[in-house]
file run-v9.cif (mmCIF, C-alpha atoms)
data_input
loop_
_atom_site.label_atom_id
_atom_site.label_comp_id
_atom_site.auth_asym_id
_atom_site.auth_seq_id
_atom_site.Cartn_x
_atom_site.Cartn_y
_atom_site.Cartn_z
CA MET A 1 191.93 310.41 130.25
CA SER A 2 188.87 311.83 128.55
CA PRO A 3 187.19 310.14 125.57
CA THR A 4 186.05 313.50 124.18
CA GLU A 5 185.87 313.65 120.38
CA PRO A 6 189.01 315.42 119.08
CA ALA A 7 186.71 317.55 116.93
CA TYR A 8 185.55 319.34 120.06
CA ASP A 9 189.02 320.10 121.39
CA ALA A 10 188.67 323.65 120.07
CA VAL A 11 185.52 324.22 122.14
CA PRO A 12 186.36 326.03 125.41
CA LEU A 13 186.62 323.51 128.24
CA LEU A 14 184.87 324.32 131.50
CA GLY A 15 186.32 321.29 133.25
CA THR A 16 185.83 317.57 133.83
CA ALA A 17 182.80 316.20 135.64
CA GLY A 18 183.42 314.33 138.88
CA VAL A 19 182.08 310.84 139.57
CA ALA A 20 179.07 311.02 141.89
CA THR A 21 177.93 307.39 142.35
CA ASP A 22 179.56 303.99 142.74
CA GLU A 23 177.07 301.68 141.03
CA PRO A 24 177.35 301.40 137.24
CA HIS A 25 174.24 301.28 135.06
CA HIS A 26 173.88 299.54 131.72
CA LEU A 27 171.92 302.45 130.27
CA GLY A 28 171.71 305.20 132.86
CA GLU A 29 169.45 307.97 131.58
CA GLY A 30 166.90 310.67 132.25
CA PRO A 31 168.08 312.46 135.40
CA MET A 32 165.51 314.87 136.80
CA TRP A 33 165.36 317.06 139.90
CA ASP A 34 162.22 316.81 142.03
CA PRO A 35 162.13 320.28 143.63
CA SER A 36 159.20 319.50 145.94
CA ARG A 37 161.08 316.71 147.70
CA GLU A 38 164.65 317.86 146.92
CA ARG A 39 165.64 314.53 145.43
CA LEU A 40 167.16 313.32 142.20
CA LEU A 41 165.55 310.65 140.02
CA TRP A 42 167.06 308.74 137.11
CA VAL A 43 166.50 305.47 135.23
CA ASP A 44 168.39 302.42 134.01
CA ILE A 45 166.32 301.88 130.89
CA GLU A 46 166.67 298.21 130.01
CA ALA A 47 166.76 297.12 133.65
CA GLY A 48 163.36 298.78 134.06
CA THR A 49 164.44 300.58 137.23
CA VAL A 50 163.94 304.07 138.62
CA HIS A 51 166.48 305.31 141.15
CA THR A 52 166.24 308.14 143.65
CA GLY A 53 169.06 309.86 145.48
CA ARG A 54 170.14 312.82 147.58
CA LEU A 55 172.56 315.38 146.19
CA ALA A 56 175.30 316.30 148.66
CA GLY A 57 177.18 319.58 148.78
CA ASP A 58 180.36 317.93 147.50
CA GLY A 59 178.58 316.78 144.33
CA ARG A 60 178.19 313.16 145.43
CA ILE A 61 174.80 311.47 145.06
CA GLU A 62 173.62 309.21 147.87
CA PRO A 63 171.34 306.46 146.51
CA VAL A 64 168.06 306.22 148.42
CA GLU A 65 165.66 303.90 146.58
CA ARG A 66 165.49 301.55 143.59
CA ILE A 67 162.02 300.93 142.15
CA ASP A 68 161.38 298.09 139.69
CA PHE A 69 158.84 298.60 136.91
CA PRO A 70 157.20 295.92 134.71
CA ASP A 71 159.41 296.28 131.62
CA THR A 72 161.70 299.07 130.41
CA ALA A 73 161.94 302.52 131.99
CA GLY A 74 162.70 305.03 129.25
CA ALA A 75 162.15 308.05 131.50
CA VAL A 76 160.50 309.10 134.76
CA ALA A 77 158.56 312.21 135.77
CA VAL A 78 156.83 313.19 138.98
CA ALA A 79 153.70 315.09 139.94
CA GLU A 80 153.52 317.79 142.60
CA ASP A 81 152.31 315.23 145.14
CA GLY A 82 155.11 312.77 144.33
CA ALA A 83 153.22 310.31 142.11
CA MET A 84 155.40 308.96 139.30
CA VAL A 85 154.88 308.23 135.63
CA VAL A 86 157.35 306.05 133.74
CA ALA A 87 157.61 305.62 129.97
CA GLY A 88 157.65 301.82 129.71
CA LYS A 89 158.16 299.65 126.66
CA HIS A 90 154.82 300.29 124.96
CA ARG A 91 152.76 301.99 127.66
CA LEU A 92 152.97 304.32 130.62
CA HIS A 93 153.38 302.92 134.13
CA TYR A 94 152.05 304.83 137.13
CA ARG A 95 153.21 304.64 140.77
CA ASP A 96 150.93 306.15 143.39
CA LEU A 97 151.85 307.53 146.78
CA ASP A 98 151.37 304.12 148.42
CA GLY A 99 153.88 302.52 146.05
CA ASN A 100 151.28 300.71 143.93
CA ILE A 101 152.17 300.38 140.25
CA SER A 102 149.56 300.26 137.47
CA SER A 103 149.85 300.42 133.70
CA GLY A 104 147.99 302.25 130.95
CA ARG A 105 146.97 301.06 127.52
CA ALA A 106 149.46 300.22 124.78
CA LEU A 107 150.49 303.36 122.91
CA LEU A 108 153.21 301.73 120.79
CA THR A 109 153.44 298.39 118.98
CA GLY A 110 156.28 296.12 117.88
CA ASP A 111 158.67 293.93 119.86
CA ASP A 112 161.63 295.96 118.59
CA ARG A 113 160.17 299.33 119.60
CA ARG A 114 160.02 301.02 123.00
CA PHE A 115 159.56 304.43 124.55
CA ASN A 116 162.77 306.39 125.02
CA ASP A 117 163.24 309.88 126.44
CA ALA A 118 160.20 311.68 127.88
CA LYS A 119 159.49 314.88 129.83
CA PRO A 120 156.44 316.90 130.92
CA ASP A 121 155.78 319.99 128.84
CA PRO A 122 155.06 323.39 130.48
CA ALA A 123 151.42 322.35 130.95
CA GLY A 124 152.40 319.06 132.62
CA MET A 125 151.51 316.80 129.70
CA LEU A 126 154.06 314.03 129.08
CA VAL A 127 155.92 314.25 125.77
CA ALA A 128 157.55 310.92 124.90
CA GLY A 129 159.46 309.57 121.91
CA SER A 130 160.24 306.09 120.64
CA LYS A 131 163.26 304.00 119.67
CA GLY A 132 162.97 301.19 117.16
CA PRO A 133 163.54 300.14 113.55
CA GLY A 134 162.63 303.52 112.05
CA GLY A 135 159.63 305.73 111.46
CA GLU A 136 159.77 306.61 115.16
CA VAL A 137 157.31 308.94 116.83
CA LEU A 138 157.22 311.82 119.28
CA LEU A 139 153.90 311.91 121.13
CA ARG A 140 152.21 314.25 123.56
CA ILE A 141 150.19 312.11 125.97
CA GLU A 142 147.32 314.11 127.36
CA ALA A 143 144.41 313.52 129.74
CA ARG A 144 142.97 309.99 129.62
CA GLU A 145 146.00 309.02 127.50
CA ASN A 146 144.73 310.88 124.45
CA ILE A 147 147.58 311.31 121.98
CA THR A 148 148.79 314.14 119.78
CA MET A 149 151.53 313.09 117.36
CA LEU A 150 154.22 315.75 117.09
CA ASP A 151 156.55 313.75 114.80
CA GLY A 152 156.20 310.46 112.95
CA ASP A 153 159.36 310.29 110.85
CA LEU A 154 162.23 310.05 113.33
CA GLU A 155 165.05 307.51 113.44
CA LEU A 156 165.43 307.61 117.24
CA SER A 157 163.58 310.19 119.31
CA ASN A 158 165.72 311.51 122.16
CA GLY A 159 166.43 314.66 124.22
CA LEU A 160 163.71 317.24 124.91
CA ALA A 161 163.84 320.80 126.26
CA TRP A 162 161.73 323.97 126.39
CA THR A 163 162.94 327.56 126.68
CA ALA A 164 162.45 329.27 130.02
CA ASP A 165 159.23 330.93 128.79
CA GLY A 166 157.96 327.63 127.34
CA ARG A 167 157.43 329.07 123.88
CA ARG A 168 160.18 327.20 122.01
CA PHE A 169 160.59 323.42 122.06
CA PHE A 170 163.76 321.52 121.18
CA SER A 171 163.98 317.81 120.35
CA ILE A 172 166.69 315.44 119.15
CA ASP A 173 166.81 312.75 116.48
CA THR A 174 170.00 310.96 117.48
CA PRO A 175 171.11 308.99 114.37
CA THR A 176 170.70 312.04 112.11
CA ARG A 177 172.67 314.14 114.67
CA ARG A 178 169.96 316.79 114.43
CA ILE A 179 168.51 319.06 117.07
CA PHE A 180 165.12 320.44 116.03
CA VAL A 181 163.27 323.50 117.26
CA ARG A 182 159.68 324.69 116.89
CA ASP A 183 157.21 327.09 118.45
CA TYR A 184 155.14 325.62 121.26
CA SER A 185 152.07 326.77 123.16
CA ALA A 186 151.21 324.95 126.36
CA VAL A 187 148.02 327.06 126.61
CA THR A 188 146.48 326.16 123.25
CA GLY A 189 148.42 322.99 122.49
CA GLU A 190 149.49 324.38 119.13
CA VAL A 191 152.91 323.37 117.81
CA GLY A 192 154.79 325.22 115.07
CA ASP A 193 156.67 323.87 112.10
CA ARG A 194 159.80 321.86 112.89
CA GLU A 195 163.14 323.35 111.85
CA VAL A 196 166.72 322.10 112.14
CA PHE A 197 168.39 324.12 114.90
CA LEU A 198 171.79 322.39 114.72
CA GLU A 199 173.34 319.27 113.21
CA LEU A 200 176.40 317.95 115.04
CA GLU A 201 179.35 316.88 112.94
CA HIS A 202 180.79 314.40 115.45
CA GLY A 203 179.29 312.10 118.06
CA TYR A 204 175.57 311.65 118.58
CA PRO A 205 173.33 314.07 120.50
CA ASP A 206 171.45 312.19 123.20
CA GLY A 207 169.69 313.76 126.18
CA MET A 208 169.63 317.50 126.84
CA THR A 209 168.50 320.22 129.18
CA ILE A 210 168.39 324.02 129.13
CA ASP A 211 169.71 326.72 131.47
CA ALA A 212 168.26 330.03 132.64
CA GLU A 213 170.10 331.80 129.80
CA ASN A 214 168.35 329.58 127.21
CA HIS A 215 171.55 327.72 126.33
CA LEU A 216 171.13 324.01 125.63
CA TRP A 217 173.33 321.41 127.33
CA VAL A 218 173.56 318.32 125.12
CA ALA A 219 175.15 314.98 126.03
CA VAL A 220 177.23 313.56 123.18
CA PHE A 221 176.92 309.76 123.10
CA GLY A 222 180.22 308.37 121.89
CA GLY A 223 181.87 311.72 122.56
CA GLY A 224 182.40 311.67 126.31
CA CYS A 225 181.25 315.24 126.82
CA VAL A 226 178.36 317.65 127.30
CA LEU A 227 178.20 320.64 124.96
CA ARG A 228 176.72 324.04 125.79
CA ILE A 229 174.94 325.52 122.78
CA ALA A 230 173.94 329.18 122.53
CA PRO A 231 170.49 330.34 121.32
CA ASP A 232 172.04 331.14 117.93
CA GLY A 233 173.32 327.56 117.52
CA ARG A 234 177.00 328.17 118.38
CA ILE A 235 178.76 325.54 120.49
CA VAL A 236 180.28 327.76 123.17
CA ALA A 237 181.57 325.42 125.91
CA ARG A 238 182.02 321.80 126.88
CA ILE A 239 182.33 319.61 129.96
CA ASP A 240 184.40 316.46 129.62
CA VAL A 241 183.09 313.24 131.13
CA PRO A 242 185.38 310.24 131.78
CA ALA A 243 182.87 307.90 130.14
CA PRO A 244 182.44 307.80 126.35
CA HIS A 245 178.72 307.01 126.35
CA THR A 246 177.41 310.20 127.93
CA THR A 247 173.62 310.05 127.87
CA CYS A 248 171.82 312.98 129.55
CA PRO A 249 172.38 316.11 131.68
CA ALA A 250 169.97 317.82 134.08
CA PHE A 251 170.29 320.72 136.50
CA ALA A 252 169.74 319.70 140.11
CA GLY A 253 169.99 320.97 143.67
CA PRO A 254 167.94 323.58 145.55
CA ASP A 255 169.60 326.33 143.47
CA LEU A 256 169.62 324.29 140.24
CA ASP A 257 173.34 324.99 139.95
CA THR A 258 174.69 321.43 139.69
CA LEU A 259 174.66 319.60 136.38
CA VAL A 260 174.01 315.87 136.86
CA ILE A 261 175.16 313.68 133.96
CA THR A 262 174.18 310.05 133.35
CA THR A 263 176.32 307.58 131.37
CA ALA A 264 176.06 304.02 130.05
CA THR A 265 178.12 300.88 129.64
CA GLU A 266 175.90 299.77 126.76
CA GLY A 267 177.93 299.08 123.63
CA LEU A 268 181.33 299.19 125.32
CA ASP A 269 183.56 296.14 124.86
CA GLU A 270 185.91 294.85 127.56
CA GLN A 271 188.81 296.90 126.25
CA ARG A 272 186.90 300.19 126.41
CA LEU A 273 185.40 299.34 129.78
CA ALA A 274 188.90 298.74 131.11
CA ARG A 275 190.00 302.06 129.66
CA TYR A 276 186.99 303.94 131.06
CA PRO A 277 186.11 302.08 134.28
CA LEU A 278 183.76 304.82 135.52
CA SER A 279 181.32 304.24 132.63
CA GLY A 280 177.74 303.78 133.75
CA ARG A 281 178.07 306.02 136.80
CA LEU A 282 176.50 309.42 137.39
CA PHE A 283 178.70 312.51 137.33
CA THR A 284 178.25 316.09 138.55
CA PHE A 285 179.68 319.48 137.64
CA ARG A 286 178.95 323.07 138.63
CA PRO A 287 179.09 325.07 135.39
CA GLY A 288 178.51 328.54 136.87
CA VAL A 289 174.97 328.94 135.51
CA ARG A 290 171.63 327.77 136.81
CA GLY A 291 169.00 325.63 135.22
CA VAL A 292 165.28 326.17 134.72
CA ARG A 293 162.84 324.73 137.25
CA PRO A 294 161.76 321.38 135.80
CA HIS A 295 158.18 320.92 134.68
CA LEU A 296 156.14 318.58 136.85
CA TRP A 297 153.74 315.99 135.48
CA ALA A 298 150.08 317.03 135.67
CA GLY A 299 149.00 313.59 136.92
CA ARG A 300 146.40 311.20 135.58
#
call {"tool": "encode", "arguments": {"input": "run-v9.cif", "output": "structure tokens"}}
result
Amino acid sequence: MSPTEPAYDAVPLLGTAGVATDEPHHLGEGPMWDPSRERLLWVDIEAGTVHTGRLAGDGRIEPVERIDFPDTAGAVAVAEDGAMVVAGKHRLHYRDLDGNISSGRALLTGDDRRFNDAKPDPAGMLVAGSKGPGGEVLLRIEARENITMLDGDLELSNGLAWTADGRRFFSIDTPTRRIFVRDYSAVTGEVGDREVFLELEHGYPDGMTIDAENHLWVAVFGGGCVLRIAPDGRIVARIDVPAPHTTCPAFAGPDLDTLVITTATEGLDEQRLARYPLSGRLFTFRPGVRGVRPHLWAGR
């Protein structure tokens, strides 16, 4: 049984994602494909862990490594050489090729605030947003941890995506159900005015990715599905997920033709966990389109 919002029943269904892992996560998030090493990475945010795995041809994901970081792990990104950066609670954590972990300076303040979703932009600079009591930020963290503030008025900064040419940037403010878009130049660093691209009527947009046809794929937290959204803002397809708290999709695999979807058990009571026992696992689905090669982190 799918927990998909009834409001999306009219959206053409591509199919139901298949369970790909056995271990549940409290707040599984941020899947990303590392094309240089052909591995998948994802996080369990509040556990402060980064996980790596191998994607099999049948869509299953074989866990390889669990890496513990000092506090929370809002998102992970990798450099060309394999070094990692993790958006921690208030600061970035770095893991070098020998496995040593170090931490940068505090970029956020407040016990009730932490970094949330983050991704490298087309130039390799990490863009990271915050979750907290309100007045949340979206930051671009540049060389030597210099900061450019892109937004300072969000309720909960979430999913990020760039068009295939890198010239348009999408971001999500989950509680307002809004997906924003703006012009973006990785060459000059200039960012255009923010506009509302789409406001969902049901469920809450969480993480997202983009395909080679510049269609967004947005996980609907509380909706048990991933929606495909055309460049003109039309919702054109959906994938059902047998877990109501669907958190983030990402294209993975050597051909970038498998959509990996993370989910969470956070906020589910015993009754809903019993109804949706696969919550917290990772899922996969082949939607018939390919993703865009993920941007790699430029390093420190």
call {"tool": "resolve_selection", "arguments": {"input": "run-v9.cif", "expression": "the PyMOL selection byres ((chain A and resi 154) around 12)", "output": "PyMOL selection string"}}
result
chain A and resi 129-139+149-153+155-158+171-180
call {"tool": "resolve_selection", "arguments": {"input": "run-v9.cif", "expression": "the PyMOL selection byres ((chain A and resi 250) around 7)", "output": "count of residues only"}}
result
10
call {"tool": "resolve_selection", "arguments": {"input": "run-v9.cif", "expression": "the PyMOL selection byres ((chain A and resi 60) around 9)", "output": "VMD selection string"}}
result
chain A and resid 18 to 21 54 to 59 61 to 62 283 to 284
call {"tool": "residues_near_point", "arguments": {"input": "run-v9.cif", "point": "(176.0, 317.9, 126.7)", "cutoff": "6 Å", "atoms": "all atoms listed in the file", "output": "list in words"}}
result
Trp217, Val218, Ala219, Val220, Cys225, Val226 and Leu227 of chain A
call {"tool": "residues_around", "arguments": {"input": "run-v9.cif", "residues": "A:Arg37", "least_positions_apart": "2", "cutoff": "12 Å", "atoms": "all atoms listed in the file", "output": "list of chain:residue names"}}
result
A:Met32, A:Trp33, A:Asp34, A:Pro35, A:Arg39, A:Leu40, A:Leu41, A:Thr52, A:Gly53, A:Arg54, A:Leu55, A:Val78, A:Ala79, A:Glu80, A:Asp81, A:Gly82, A:Ala83, A:Ala252, A:Gly253, A:Pro254
call {"tool": "atom_distance", "arguments": {"input": "run-v9.cif", "atom1": "atom CA of A:Glu213", "atom2": "atom CA of A:Asp193"}}
result
23.6 Å
call {"tool": "residues_around", "arguments": {"input": "run-v9.cif", "residues": "A:Arg66", "least_positions_apart": "2", "cutoff": "9 Å", "atoms": "only C-alpha atoms", "output": "list in words"}}
result
Thr49, Val50, His51, Thr52, Pro63, Val64 and Asp68 of chain A
call {"tool": "closest_residue", "arguments": {"input": "run-v9.cif", "among": "A:Arg290, A:His245, A:Arg95, A:Arg300", "to": "A:Asn214", "atoms": "only C-alpha atoms"}}
result
A:Arg290
call {"tool": "atom_distance", "arguments": {"input": "run-v9.cif", "atom1": "atom CA of A:Val292", "atom2": "atom CA of A:Gly48"}}
result
27.5 Å
call {"tool": "atom_distance", "arguments": {"input": "run-v9.cif", "atom1": "atom CA of A:Leu198", "atom2": "atom CA of A:Gly223"}}
result
16.6 Å
call {"tool": "closest_residue", "arguments": {"input": "run-v9.cif", "among": "A:Gly224, A:Pro277, A:Pro294, A:Gly189", "to": "A:Ile210", "atoms": "only C-alpha atoms"}}
result
A:Pro294
call {"tool": "residues_around", "arguments": {"input": "run-v9.cif", "residues": "A:Ala7", "least_positions_apart": "4", "cutoff": "9 Å", "atoms": "only C-alpha atoms", "output": "ChimeraX atom specification"}}
result
/A:11,201-202
call {"tool": "write_last_selection", "arguments": {"input": "run-v9.cif", "atoms": "C-alpha atoms", "output": "mmCIF file, in the frame of the given file"}}
result
data_model
loop_
_atom_site.group_PDB
_atom_site.id
_atom_site.type_symbol
_atom_site.label_atom_id
_atom_site.label_comp_id
_atom_site.auth_asym_id
_atom_site.auth_seq_id
_atom_site.Cartn_x
_atom_site.Cartn_y
_atom_site.Cartn_z
ATOM 1 C CA VAL A 11 185.520 324.220 122.140
ATOM 2 C CA GLU A 201 179.350 316.880 112.940
ATOM 3 C CA HIS A 202 180.790 314.400 115.450
#
call {"tool": "residues_around", "arguments": {"input": "run-v9.cif", "residues": "stretch 263-273 of chain A", "least_positions_apart": "6", "cutoff": "9 Å", "atoms": "only C-alpha atoms", "output": "short mmCIF file (atom, residue, chain, number, x, y, z; two decimals) with C-alpha atoms, in the frame of the given file"}}
result
data_model
loop_
_atom_site.label_atom_id
_atom_site.label_comp_id
_atom_site.auth_asym_id
_atom_site.auth_seq_id
_atom_site.Cartn_x
_atom_site.Cartn_y
_atom_site.Cartn_z
CA PRO A 24 177.35 301.40 137.24
CA HIS A 25 174.24 301.28 135.06
CA HIS A 26 173.88 299.54 131.72
CA LEU A 27 171.92 302.45 130.27
CA GLY A 28 171.71 305.20 132.86
CA GLU A 29 169.45 307.97 131.58
CA ASP A 44 168.39 302.42 134.01
CA PHE A 221 176.92 309.76 123.10
CA GLY A 224 182.40 311.67 126.31
CA VAL A 241 183.09 313.24 131.13
CA ALA A 243 182.87 307.90 130.14
CA PRO A 244 182.44 307.80 126.35
CA HIS A 245 178.72 307.01 126.35
CA THR A 246 177.41 310.20 127.93
CA THR A 247 173.62 310.05 127.87
CA CYS A 248 171.82 312.98 129.55
CA SER A 279 181.32 304.24 132.63
CA GLY A 280 177.74 303.78 133.75
CA ARG A 281 178.07 306.02 136.80
CA LEU A 282 176.50 309.42 137.39
CA PHE A 283 178.70 312.51 137.33
#
call {"tool": "closest_residue", "arguments": {"input": "run-v9.cif", "among": "A:Ile147, A:Leu216, A:Ala17, A:Leu296", "to": "A:Ala230", "atoms": "only C-alpha atoms"}}
result
A:Leu216
call {"tool": "closest_residue", "arguments": {"input": "run-v9.cif", "among": "A:Gly299, A:Ser102, A:Pro70, A:Asp255", "to": "A:Arg286", "atoms": "only C-alpha atoms"}}
result
A:Asp255
call {"tool": "build_atoms", "arguments": {"input": "run-v9.cif", "residues": "stretch 69-97 of chain A", "atoms": "N, CA and C atoms", "output": "PDB file, keeping the file's coordinate frame"}}
result
ATOM      1  N   PHE A  69     160.058 298.471 137.694  1.00  0.00           N
ATOM      2  CA  PHE A  69     158.840 298.600 136.910  1.00  0.00           C
ATOM      3  C   PHE A  69     158.683 297.390 135.984  1.00  0.00           C
ATOM      4  N   PRO A  70     157.484 297.182 135.388  1.00  0.00           N
ATOM      5  CA  PRO A  70     157.200 295.920 134.710  1.00  0.00           C
ATOM      6  C   PRO A  70     158.075 295.588 133.505  1.00  0.00           C
ATOM      7  N   ASP A  71     158.559 296.591 132.779  1.00  0.00           N
ATOM      8  CA  ASP A  71     159.410 296.280 131.620  1.00  0.00           C
ATOM      9  C   ASP A  71     160.530 297.306 131.551  1.00  0.00           C
ATOM     10  N   THR A  72     160.647 298.064 130.485  1.00  0.00           N
ATOM     11  CA  THR A  72     161.700 299.070 130.410  1.00  0.00           C
ATOM     12  C   THR A  72     161.246 300.365 131.079  1.00  0.00           C
ATOM     13  N   ALA A  73     162.229 301.220 131.386  1.00  0.00           N
ATOM     14  CA  ALA A  73     161.940 302.520 131.990  1.00  0.00           C
ATOM     15  C   ALA A  73     162.692 303.576 131.189  1.00  0.00           C
ATOM     16  N   GLY A  74     162.044 304.074 130.132  1.00  0.00           N
ATOM     17  CA  GLY A  74     162.700 305.030 129.250  1.00  0.00           C
ATOM     18  C   GLY A  74     162.932 306.375 129.897  1.00  0.00           C
ATOM     19  N   ALA A  75     162.046 306.772 130.814  1.00  0.00           N
ATOM     20  CA  ALA A  75     162.150 308.050 131.500  1.00  0.00           C
ATOM     21  C   ALA A  75     161.163 308.052 132.650  1.00  0.00           C
ATOM     22  N   VAL A  76     161.403 308.947 133.621  1.00  0.00           N
ATOM     23  CA  VAL A  76     160.500 309.100 134.760  1.00  0.00           C
ATOM     24  C   VAL A  76     160.181 310.572 134.945  1.00  0.00           C
ATOM     25  N   ALA A  77     158.962 310.849 135.390  1.00  0.00           N
ATOM     26  CA  ALA A  77     158.560 312.210 135.770  1.00  0.00           C
ATOM     27  C   ALA A  77     157.696 312.101 137.009  1.00  0.00           C
ATOM     28  N   VAL A  78     157.606 313.204 137.738  1.00  0.00           N
ATOM     29  CA  VAL A  78     156.830 313.190 138.980  1.00  0.00           C
ATOM     30  C   VAL A  78     155.800 314.321 138.974  1.00  0.00           C
ATOM     31  N   ALA A  79     154.731 314.085 139.719  1.00  0.00           N
ATOM     32  CA  ALA A  79     153.700 315.090 139.940  1.00  0.00           C
ATOM     33  C   ALA A  79     154.030 315.886 141.195  1.00  0.00           C
ATOM     34  N   GLU A  80     153.296 316.956 141.424  1.00  0.00           N
ATOM     35  CA  GLU A  80     153.520 317.790 142.600  1.00  0.00           C
ATOM     36  C   GLU A  80     153.413 316.986 143.890  1.00  0.00           C
ATOM     37  N   ASP A  81     152.502 316.009 143.925  1.00  0.00           N
ATOM     38  CA  ASP A  81     152.310 315.230 145.140  1.00  0.00           C
ATOM     39  C   ASP A  81     153.284 314.068 145.275  1.00  0.00           C
ATOM     40  N   GLY A  82     154.115 313.828 144.260  1.00  0.00           N
ATOM     41  CA  GLY A  82     155.110 312.770 144.330  1.00  0.00           C
ATOM     42  C   GLY A  82     154.758 311.526 143.543  1.00  0.00           C
ATOM     43  N   ALA A  83     153.561 311.441 142.969  1.00  0.00           N
ATOM     44  CA  ALA A  83     153.220 310.310 142.110  1.00  0.00           C
ATOM     45  C   ALA A  83     154.146 310.295 140.892  1.00  0.00           C
ATOM     46  N   MET A  84     154.461 309.103 140.413  1.00  0.00           N
ATOM     47  CA  MET A  84     155.400 308.960 139.300  1.00  0.00           C
ATOM     48  C   MET A  84     154.707 308.438 138.049  1.00  0.00           C
ATOM     49  N   VAL A  85     155.239 308.835 136.906  1.00  0.00           N
ATOM     50  CA  VAL A  85     154.880 308.230 135.630  1.00  0.00           C
ATOM     51  C   VAL A  85     156.180 307.804 134.964  1.00  0.00           C
ATOM     52  N   VAL A  86     156.179 306.604 134.396  1.00  0.00           N
ATOM     53  CA  VAL A  86     157.350 306.050 133.740  1.00  0.00           C
ATOM     54  C   VAL A  86     156.968 305.657 132.312  1.00  0.00           C
ATOM     55  N   ALA A  87     157.810 306.033 131.354  1.00  0.00           N
ATOM     56  CA  ALA A  87     157.610 305.620 129.970  1.00  0.00           C
ATOM     57  C   ALA A  87     158.147 304.202 129.830  1.00  0.00           C
ATOM     58  N   GLY A  88     157.262 303.210 129.823  1.00  0.00           N
ATOM     59  CA  GLY A  88     157.650 301.820 129.710  1.00  0.00           C
ATOM     60  C   GLY A  88     157.917 301.412 128.286  1.00  0.00           C
ATOM     61  N   LYS A  89     157.852 300.125 128.015  1.00  0.00           N
ATOM     62  CA  LYS A  89     158.160 299.650 126.660  1.00  0.00           C
ATOM     63  C   LYS A  89     157.133 300.179 125.651  1.00  0.00           C
ATOM     64  N   HIS A  90     155.874 299.860 125.879  1.00  0.00           N
ATOM     65  CA  HIS A  90     154.820 300.290 124.960  1.00  0.00           C
ATOM     66  C   HIS A  90     153.769 301.170 125.612  1.00  0.00           C
ATOM     67  N   ARG A  91     153.821 301.305 126.932  1.00  0.00           N
ATOM     68  CA  ARG A  91     152.760 301.990 127.660  1.00  0.00           C
ATOM     69  C   ARG A  91     153.357 302.758 128.827  1.00  0.00           C
ATOM     70  N   LEU A  92     152.547 303.599 129.432  1.00  0.00           N
ATOM     71  CA  LEU A  92     152.970 304.320 130.620  1.00  0.00           C
ATOM     72  C   LEU A  92     152.664 303.483 131.858  1.00  0.00           C
ATOM     73  N   HIS A  93     153.584 303.544 132.824  1.00  0.00           N
ATOM     74  CA  HIS A  93     153.380 302.920 134.130  1.00  0.00           C
ATOM     75  C   HIS A  93     153.231 304.038 135.164  1.00  0.00           C
ATOM     76  N   TYR A  94     152.347 303.820 136.117  1.00  0.00           N
ATOM     77  CA  TYR A  94     152.050 304.830 137.130  1.00  0.00           C
ATOM     78  C   TYR A  94     152.338 304.252 138.518  1.00  0.00           C
ATOM     79  N   ARG A  95     152.960 305.046 139.385  1.00  0.00           N
ATOM     80  CA  ARG A  95     153.210 304.640 140.770  1.00  0.00           C
ATOM     81  C   ARG A  95     152.568 305.666 141.688  1.00  0.00           C
ATOM     82  N   ASP A  96     151.632 305.218 142.507  1.00  0.00           N
ATOM     83  CA  ASP A  96     150.930 306.150 143.390  1.00  0.00           C
ATOM     84  C   ASP A  96     151.703 306.365 144.683  1.00  0.00           C
ATOM     85  N   LEU A  97     151.143 307.147 145.567  1.00  0.00           N
ATOM     86  CA  LEU A  97     151.850 307.530 146.780  1.00  0.00           C
ATOM     87  C   LEU A  97     152.017 306.378 147.763  1.00  0.00           C
TER      88      LEU A  97
END
